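Since the structure comes first, as structure tokens, the remarks are kept for the end.
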Amino acid sequence: MIDRELLEILACPETKEPVALAESELVDRINTAIAAGQMKNRGGDQVTEAIDGGLVRGDGRYLYPIRDEIPIMLIEEAIPLPPPGDT
């Protein structure tokens, strides 16, 4: 999906923290919420297009979507994630 070398150099554009490939369970949960019209990005816009994958910021607070094998590394496009333990 994403080239390992590319993944190693990518970082959050806001905090410069490293990012990691999202687990498929998380991607599935996000796509379910997108399909239900329940997902907004950091910019406050409704997310309407399913994601192929995602890159999770080091602190686990945001996911940068991957569409057509391209990571969308824009702060306003990041998808907020629930704190660990919340679902």
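Residue numbering restarts at 1 for every chain of the structure tokens, chains are lettered A, B, ... in their displayed order, and ligands are numbered from 1 as they appear.
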Write out as number ranges by chain all residues of chain A that DSSP puts in strand (DSSP E) for this structure's backbone.
A: 19-21, 53-57, 62-67, 70-71, 79-80
Would you mind exporting the chosen residues as an mmCIF file, in the first residue's frame, restricted to C-alpha atoms?
data_model
loop_
_atom_site.group_PDB
_atom_site.id
_atom_site.type_symbol
_atom_site.label_atom_id
_atom_site.label_comp_id
_atom_site.auth_asym_id
_atom_site.auth_seq_id
_atom_site.Cartn_x
_atom_site.Cartn_y
_atom_site.Cartn_z
ATOM 1 C CA VAL A 19 2.941 8.613 11.846
ATOM 2 C CA ALA A 20 2.110 4.915 11.667
ATOM 3 C CA LEU A 21 -0.112 2.927 9.343
ATOM 4 C CA GLY A 53 -6.187 3.534 4.797
ATOM 5 C CA GLY A 54 -4.763 6.052 7.195
ATOM 6 C CA LEU A 55 -1.715 7.310 9.011
ATOM 7 C CA VAL A 56 -2.147 7.764 12.754
ATOM 8 C CA ARG A 57 -0.217 10.555 14.458
ATOM 9 C CA TYR A 62 -5.585 12.180 14.524
ATOM 10 C CA LEU A 63 -5.606 10.058 11.404
ATOM 11 C CA TYR A 64 -4.455 11.386 8.048
ATOM 12 C CA PRO A 65 -6.516 9.645 5.353
ATOM 13 C CA ILE A 66 -5.027 7.674 2.484
ATOM 14 C CA ARG A 67 -6.961 7.734 -0.794
ATOM 15 C CA ILE A 70 -1.812 8.938 -1.561
ATOM 16 C CA PRO A 71 -1.568 10.140 2.054
ATOM 17 C CA ILE A 79 -9.776 12.906 11.157
ATOM 18 C CA PRO A 80 -10.018 13.246 14.956
#
Among chain A, which ones does DSSP place in helix (DSSP H, G or I), written as a VMD selection string?
chain A and resid 4 to 9 24 to 35 75 to 77
How about saving the chosen residues, C-alpha atoms kept, as a PDB file, in the first residue's frame?
ATOM      1  CA  ARG A   4       7.989   1.656   3.730  1.00  0.00           C
ATOM      2  CA  GLU A   5      10.638   4.288   2.963  1.00  0.00           C
ATOM      3  CA  LEU A   6       7.960   6.942   2.452  1.00  0.00           C
ATOM      4  CA  LEU A   7       6.286   5.969   5.718  1.00  0.00           C
ATOM      5  CA  GLU A   8       9.585   6.416   7.561  1.00  0.00           C
ATOM      6  CA  ILE A   9      10.001  10.026   6.387  1.00  0.00           C
ATOM      7  CA  SER A  24      -7.561  -2.255   9.332  1.00  0.00           C
ATOM      8  CA  GLU A  25     -10.097  -2.329  12.225  1.00  0.00           C
ATOM      9  CA  LEU A  26      -9.715   1.427  12.690  1.00  0.00           C
ATOM     10  CA  VAL A  27     -10.053   2.086   8.953  1.00  0.00           C
ATOM     11  CA  ASP A  28     -13.216  -0.053   8.901  1.00  0.00           C
ATOM     12  CA  ARG A  29     -14.712   1.859  11.871  1.00  0.00           C
ATOM     13  CA  ILE A  30     -13.972   5.196  10.214  1.00  0.00           C
ATOM     14  CA  ASN A  31     -15.468   4.069   6.900  1.00  0.00           C
ATOM     15  CA  THR A  32     -18.601   2.888   8.729  1.00  0.00           C
ATOM     16  CA  ALA A  33     -18.929   6.328  10.360  1.00  0.00           C
ATOM     17  CA  ILE A  34     -18.334   8.036   6.992  1.00  0.00           C
ATOM     18  CA  ALA A  35     -21.075   5.928   5.380  1.00  0.00           C
ATOM     19  CA  ILE A  75      -4.003  19.446   9.020  1.00  0.00           C
ATOM     20  CA  GLU A  76      -7.608  20.365   8.154  1.00  0.00           C
ATOM     21  CA  GLU A  77      -8.152  16.971   6.445  1.00  0.00           C
TER      22      GLU A  77
END
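Atom to atom, atom CA of A:Asp52 and atom CA of A:Pro18 stand 19.7 Å apart.
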Closest of A:Thr15, A:Pro83, A:Ala78, A:Asp59 to A:Met39, counting only C-alpha atoms, is A:Ala78
Counting only C-alpha atoms, the residue of A:Val47, A:Ala36, A:Leu81, A:Leu74 that sits nearest A:Arg61
A:Leu81
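Atom CA of A:Gly37 sits 26.4 Å away from atom CA of A:Glu14.
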